>>> print(open('final.cif').read())   # mmCIF, C-alpha atoms and all ligand atoms
data_upload
#
loop_
_atom_site.label_atom_id
_atom_site.label_comp_id
_atom_site.auth_asym_id
_atom_site.auth_seq_id
_atom_site.Cartn_x
_atom_site.Cartn_y
_atom_site.Cartn_z
CA MET Z 1 35.72 -9.70 -20.61
CA LYS Z 2 33.61 -8.09 -17.88
CA LYS Z 3 33.38 -4.32 -17.79
CA ILE Z 4 33.58 -1.56 -15.20
CA ALA Z 5 31.35 1.47 -15.71
CA PRO Z 6 32.35 4.28 -13.33
CA SER Z 7 29.37 6.55 -12.66
CA ILE Z 8 30.19 10.21 -13.13
CA LEU Z 9 27.32 11.08 -10.79
CA SER Z 10 29.96 10.87 -8.04
CA ALA Z 11 32.65 12.77 -9.99
CA ASP Z 12 33.80 16.30 -9.21
CA PHE Z 13 31.59 18.34 -11.57
CA SER Z 14 33.98 21.32 -11.39
CA ARG Z 15 36.55 19.19 -13.22
CA LEU Z 16 34.38 16.68 -15.02
CA GLY Z 17 36.50 16.53 -18.17
CA GLU Z 18 39.56 15.49 -16.17
CA ASP Z 19 37.58 12.85 -14.29
CA VAL Z 20 36.28 11.39 -17.57
CA LYS Z 21 39.84 11.35 -18.93
CA MET Z 22 40.94 9.51 -15.79
CA ILE Z 23 38.20 6.89 -16.31
CA ASP Z 24 39.43 6.39 -19.87
CA GLU Z 25 43.12 6.15 -18.94
CA ALA Z 26 42.41 3.76 -16.07
CA GLY Z 27 40.96 1.33 -18.61
CA ALA Z 28 37.26 1.36 -17.75
CA GLU Z 29 35.36 0.33 -20.87
CA TYR Z 30 32.19 2.31 -20.14
CA VAL Z 31 31.46 5.77 -18.77
CA HIS Z 32 28.16 5.50 -16.88
CA ILE Z 33 26.09 8.65 -17.24
CA ASP Z 34 23.10 9.06 -14.91
CA VAL Z 35 20.51 11.49 -16.24
CA MET Z 36 17.83 12.42 -13.66
CA ASP Z 37 14.81 14.64 -14.19
CA GLY Z 38 13.50 15.38 -10.69
CA MET Z 39 10.28 13.57 -11.63
CA PHE Z 40 11.00 9.89 -12.14
CA VAL Z 41 13.58 10.20 -9.35
CA PRO Z 42 13.73 12.90 -6.69
CA ASN Z 43 17.06 14.27 -7.90
CA ILE Z 44 18.21 16.33 -10.89
CA SER Z 45 21.69 15.57 -12.21
CA PHE Z 46 22.75 16.82 -15.66
CA GLY Z 47 21.66 16.51 -19.26
CA LEU Z 48 22.43 16.90 -22.92
CA PRO Z 49 24.98 19.78 -22.95
CA VAL Z 50 27.13 18.02 -20.36
CA ILE Z 51 27.15 14.78 -22.36
CA LYS Z 52 28.04 16.67 -25.54
CA ALA Z 53 30.92 18.41 -23.75
CA ILE Z 54 32.49 15.24 -22.35
CA ARG Z 55 32.02 13.44 -25.69
CA ASN Z 56 35.05 15.45 -26.83
CA VAL Z 57 37.23 13.99 -24.08
CA THR Z 58 36.99 10.23 -24.71
CA GLU Z 59 35.98 7.58 -27.20
CA ARG Z 60 34.95 5.16 -24.47
CA VAL Z 61 31.42 3.78 -24.57
CA PHE Z 62 28.87 6.25 -23.18
CA ASP Z 63 26.45 4.17 -21.15
CA VAL Z 64 23.56 6.57 -20.65
CA HIS Z 65 21.06 5.64 -17.94
CA LEU Z 66 17.91 7.71 -18.33
CA MET Z 67 16.09 8.11 -15.03
CA ILE Z 68 13.47 10.30 -16.68
CA GLU Z 69 9.72 10.07 -17.27
CA ASP Z 70 8.64 9.11 -20.79
CA PRO Z 71 12.19 8.77 -22.17
CA GLY Z 72 10.95 8.18 -25.72
CA ARG Z 73 10.67 11.99 -26.03
CA TYR Z 74 14.45 12.37 -25.93
CA ILE Z 75 16.05 9.37 -27.66
CA ASP Z 76 17.20 11.33 -30.73
CA GLU Z 77 18.68 14.10 -28.59
CA PHE Z 78 20.69 11.66 -26.48
CA ALA Z 79 21.84 9.83 -29.60
CA ASP Z 80 22.97 13.16 -31.11
CA ALA Z 81 24.76 14.06 -27.87
CA GLY Z 82 26.95 10.96 -28.17
CA ALA Z 83 25.29 8.09 -26.33
CA ASP Z 84 26.38 4.56 -27.33
CA ILE Z 85 24.00 2.68 -25.05
CA ILE Z 86 20.69 4.14 -23.89
CA THR Z 87 18.96 2.47 -20.98
CA VAL Z 88 15.42 3.47 -20.08
CA HIS Z 89 13.39 2.48 -17.05
CA TYR Z 90 10.63 -0.09 -17.41
CA GLU Z 91 8.64 1.91 -14.84
CA ALA Z 92 8.94 5.19 -16.77
CA THR Z 93 8.00 3.86 -20.21
CA VAL Z 94 4.47 3.02 -21.36
CA HIS Z 95 5.40 1.83 -24.87
CA LEU Z 96 8.62 0.04 -24.07
CA HIS Z 97 8.90 -1.90 -27.33
CA ARG Z 98 8.53 1.30 -29.35
CA VAL Z 99 11.21 3.09 -27.34
CA VAL Z 100 13.59 0.14 -27.67
CA GLN Z 101 13.09 0.27 -31.44
CA GLN Z 102 13.72 4.04 -31.43
CA ILE Z 103 17.08 3.43 -29.73
CA LYS Z 104 18.02 0.61 -32.11
CA ASN Z 105 16.96 2.58 -35.18
CA ARG Z 106 19.64 5.10 -34.21
CA GLY Z 107 22.22 2.32 -34.31
CA LEU Z 108 22.66 2.29 -30.53
CA LYS Z 109 22.46 -0.50 -27.98
CA ALA Z 110 19.18 -0.59 -26.09
CA GLY Z 111 18.88 -1.30 -22.38
CA VAL Z 112 16.05 -1.51 -19.89
CA SER Z 113 16.48 -0.91 -16.18
CA LEU Z 114 14.41 -2.37 -13.35
CA ASN Z 115 13.86 -0.75 -9.98
CA PRO Z 116 14.40 -2.98 -6.94
CA SER Z 117 10.64 -3.70 -6.64
CA THR Z 118 10.05 -4.52 -10.33
CA PRO Z 119 9.97 -8.25 -11.19
CA VAL Z 120 12.42 -9.55 -13.81
CA MET Z 121 9.69 -11.69 -15.43
CA LEU Z 122 8.05 -8.52 -16.79
CA LEU Z 123 10.84 -8.44 -19.39
CA LYS Z 124 10.19 -11.94 -20.74
CA ASP Z 125 8.37 -10.81 -23.90
CA ILE Z 126 10.93 -8.16 -24.83
CA ILE Z 127 14.20 -9.68 -23.71
CA LYS Z 128 15.15 -10.94 -27.18
CA ASP Z 129 15.03 -7.31 -28.42
CA LEU Z 130 17.35 -5.97 -25.73
CA ASP Z 131 21.12 -5.57 -25.65
CA LEU Z 132 21.30 -4.94 -21.93
CA VAL Z 133 19.28 -5.17 -18.73
CA LEU Z 134 20.30 -2.98 -15.82
CA ILE Z 135 19.33 -4.27 -12.40
CA MET Z 136 19.11 -1.46 -9.86
CA SER Z 137 20.58 -2.63 -6.57
CA VAL Z 138 19.57 0.64 -4.87
CA ASN Z 139 16.52 2.81 -5.36
CA PRO Z 140 17.51 5.13 -8.20
CA GLY Z 141 18.24 8.78 -7.55
CA PHE Z 142 21.38 9.02 -5.46
CA GLY Z 143 24.89 7.65 -5.25
CA GLY Z 144 26.38 6.28 -2.05
CA GLN Z 145 23.51 4.00 -0.96
CA SER Z 146 23.79 0.44 0.36
CA PHE Z 147 23.42 -2.59 -1.91
CA ILE Z 148 19.94 -4.17 -1.66
CA GLU Z 149 20.46 -7.90 -1.20
CA GLY Z 150 17.30 -8.83 -3.17
CA ALA Z 151 19.23 -7.93 -6.33
CA LYS Z 152 20.94 -11.33 -6.15
CA ASP Z 153 17.75 -13.32 -6.86
CA LYS Z 154 16.88 -10.92 -9.66
CA VAL Z 155 20.24 -11.42 -11.35
CA ILE Z 156 19.92 -15.19 -11.03
CA GLU Z 157 16.42 -15.09 -12.57
CA LEU Z 158 17.67 -12.84 -15.36
CA VAL Z 159 20.56 -15.19 -16.10
CA GLU Z 160 17.97 -17.95 -16.61
CA LEU Z 161 16.00 -15.75 -19.03
CA ARG Z 162 19.22 -14.87 -20.86
CA ASP Z 163 20.15 -18.54 -21.25
CA LYS Z 164 16.72 -19.27 -22.66
CA TYR Z 165 15.95 -16.28 -24.89
CA ASN Z 166 18.99 -14.07 -25.62
CA LYS Z 167 22.50 -15.37 -25.03
CA GLU Z 168 24.06 -12.04 -26.15
CA LEU Z 169 22.28 -10.01 -23.45
CA LEU Z 170 24.50 -7.99 -21.13
CA ILE Z 171 23.53 -7.85 -17.46
CA GLU Z 172 24.54 -4.68 -15.65
CA ILE Z 173 24.25 -3.89 -11.96
CA ASP Z 174 24.04 -0.43 -10.44
CA GLY Z 175 24.16 0.76 -6.87
CA GLY Z 176 26.23 -0.06 -3.81
CA VAL Z 177 28.91 -1.89 -5.79
CA LYS Z 178 32.18 -1.95 -3.82
CA GLU Z 179 35.55 -3.67 -3.89
CA ALA Z 180 34.22 -5.79 -1.00
CA ASN Z 181 31.18 -7.22 -2.88
CA ILE Z 182 32.03 -7.00 -6.59
CA GLY Z 183 33.69 -10.43 -6.71
CA GLU Z 184 30.59 -12.14 -5.33
CA ILE Z 185 28.26 -10.18 -7.65
CA SER Z 186 30.42 -11.18 -10.58
CA CYS Z 187 29.90 -14.87 -9.74
CA TRP Z 188 26.12 -14.45 -10.20
CA GLY Z 189 26.63 -13.74 -13.92
CA VAL Z 190 26.81 -9.95 -14.15
CA ASP Z 191 28.77 -8.49 -17.10
CA VAL Z 192 28.89 -4.73 -16.40
CA PHE Z 193 29.42 -3.14 -12.99
CA VAL Z 194 28.51 0.46 -12.25
CA ALA Z 195 30.53 2.00 -9.43
CA GLY Z 196 30.20 5.63 -8.38
CA SER Z 197 31.17 6.49 -4.82
CA GLU Z 198 33.54 3.51 -4.54
CA VAL Z 199 35.62 4.96 -7.37
CA PHE Z 200 35.38 8.68 -6.74
CA LYS Z 201 35.73 8.55 -2.94
CA ALA Z 202 38.87 6.40 -3.24
CA ASP Z 203 42.27 7.98 -2.50
CA ASN Z 204 43.33 6.90 -5.96
CA PRO Z 205 40.28 6.50 -8.27
CA ALA Z 206 42.31 5.19 -11.21
CA GLU Z 207 43.86 2.45 -9.06
CA LYS Z 208 40.40 1.59 -7.72
CA ILE Z 209 39.06 1.14 -11.28
CA LYS Z 210 42.01 -1.14 -12.11
CA ARG Z 211 41.45 -3.15 -8.93
CA LEU Z 212 37.70 -3.61 -9.65
CA LYS Z 213 38.55 -4.71 -13.19
CA GLU Z 214 41.05 -7.25 -11.91
CA ILE Z 215 38.57 -8.72 -9.43
CA VAL Z 216 35.73 -9.22 -11.94
CA ASN Z 217 38.05 -10.73 -14.53
CA ALA Z 218 39.94 -13.00 -12.08
O1 LIG B 301 22.12 5.20 -10.80
C1 LIG B 301 22.62 5.62 -9.79
C2 LIG B 301 21.77 6.24 -8.78
O2 LIG B 301 20.48 6.29 -9.23
C3 LIG B 301 24.11 5.52 -9.59
O3 LIG B 301 24.73 5.11 -10.80
C4 LIG B 301 24.44 4.52 -8.54
O4 LIG B 301 23.79 4.77 -7.36
C5 LIG B 301 25.95 4.42 -8.39
O5 LIG B 301 26.36 5.00 -7.24
P1 LIG B 301 27.09 4.19 -6.08
O6 LIG B 301 28.09 3.30 -6.74
O7 LIG B 301 27.69 5.29 -5.26
O8 LIG B 301 26.02 3.41 -5.37
#
>>> encode(input="final.cif", output="structure tokens", more="lines below")
Ligand SMILES: O=C(CO)[C@H](O)[C@H](O)COP(=O)(O)O
Amino acid sequence: MKKIAPSILSADFSRLGEDVKMIDEAGAEYVHIDVMDGMFVPNISFGLPVIKAIRNVTERVFDVHLMIEDPGRYIDEFADAGADIITVHYEATVHLHRVVQQIKNRGLKAGVSLNPSTPVMLLKDIIKDLDLVLIMSVNPGFGGQSFIEGAKDKVIELVELRDKYNKELLIEIDGGVKEANIGEISCWGVDVFVAGSEVFKADNPAEKIKRLKEIVNA
């Protein structure tokens, strides 16, 4: 079963708890949580206290995407805050293998994300240790950007690596995912679909989540 991961970056922060509850009740399996530090990306979003607060609202999987420099400094804190999956950026992590082990030693799923300009092949020697690879289909930092078409070839290359080295690997895509393109993206072999503005700018966000789920599982 393929999964929808609504990104709370596009939620209404003045009523975040209600938006997270809506994500849960609409049947999305993951809550995608974008943490930005103003260094790795030019935007600052939210951090540990916010994640702890919304952890009380839902038992859905917290899919925490760390867009921060040197994320190894904070793995224990994000685990304590309630993360289920922690994804770090290849470009922000010098000792990637060590950080992946830190995440797994906390009993969490470990993911690595690639910026649009970072080649998939760079993950070849670590792919068997990963639970998830997140392909960025926009430059990280902001919601509401357009899907970068080069993501298609990256997903196809990653599917080949998955077939060869790690059949359990989840492939996630993030950025510019819409009702209009999610069906095609799904055909490439993606398992988890992050959608921010498409969900939260919809007249009925819960219906939008259900619709996206239907399309990817058709
Ligand atoms: O990681 C992100 C930005 O860095 C967001 O999750 C992503 O951009 C989703 O937003 P949208 O669906 O509006 O493109």
>>> closest_residue(input="final.cif", among="Z:Val192, Z:Ile4, Z:Ile103, Z:Met36", to="ligand LIG 301 (chain B)", atoms="only C-alpha atoms and all ligand atoms")
Z:Met36
>>> closest_residue(input="final.cif", among="Z:Lys2, Z:Ala151, Z:Arg98, Z:Asn56", to="Asn217 (chain Z)", atoms="all atoms listed in the file")
Z:Lys2
>>> closest_residue(input="final.cif", among="Z:Pro71, Z:Pro6, Z:Gly196, Z:Gly189", to="ligand LIG 301 (chain B)", atoms="only C-alpha atoms and all ligand atoms")
Z:Gly196
>>> closest_residue(input="final.cif", among="Z:Val94, Z:Val155, Z:Val61, Z:Met67", to="Ala28 (chain Z)", atoms="all atoms listed in the file")
Z:Val61
>>> closest_atom_pairs(input="final.cif", of="chain Z", to="ligand LIG 301 (chain B)", cutoff="6 Å", atoms="all atoms listed in the file", output="JSON lines")
{"residue": "Z:Ser7", "atom": "CA", "partner": "B:LIG301", "partner_atom": "O3", "distance": 5.2}
{"residue": "Z:Asp34", "atom": "CA", "partner": "B:LIG301", "partner_atom": "O1", "distance": 5.7}
{"residue": "Z:Pro140", "atom": "CA", "partner": "B:LIG301", "partner_atom": "O2", "distance": 3.4}
{"residue": "Z:Gly141", "atom": "CA", "partner": "B:LIG301", "partner_atom": "O2", "distance": 3.7}
{"residue": "Z:Phe142", "atom": "CA", "partner": "B:LIG301", "partner_atom": "C2", "distance": 4.3}
{"residue": "Z:Gly143", "atom": "CA", "partner": "B:LIG301", "partner_atom": "O5", "distance": 3.6}
{"residue": "Z:Gly144", "atom": "CA", "partner": "B:LIG301", "partner_atom": "O7", "distance": 3.6}
{"residue": "Z:Gln145", "atom": "CA", "partner": "B:LIG301", "partner_atom": "O8", "distance": 5.1}
{"residue": "Z:Asp174", "atom": "CA", "partner": "B:LIG301", "partner_atom": "C4", "distance": 5.3}
{"residue": "Z:Gly175", "atom": "CA", "partner": "B:LIG301", "partner_atom": "O8", "distance": 3.6}
{"residue": "Z:Gly176", "atom": "CA", "partner": "B:LIG301", "partner_atom": "O8", "distance": 3.8}
{"residue": "Z:Val177", "atom": "CA", "partner": "B:LIG301", "partner_atom": "O6", "distance": 5.3}
{"residue": "Z:Ala195", "atom": "CA", "partner": "B:LIG301", "partner_atom": "O6", "distance": 3.9}
{"residue": "Z:Gly196", "atom": "CA", "partner": "B:LIG301", "partner_atom": "O6", "distance": 3.5}
{"residue": "Z:Ser197", "atom": "CA", "partner": "B:LIG301", "partner_atom": "O7", "distance": 3.7}
{"residue": "Z:Glu198", "atom": "CA", "partner": "B:LIG301", "partner_atom": "O6", "distance": 5.9}
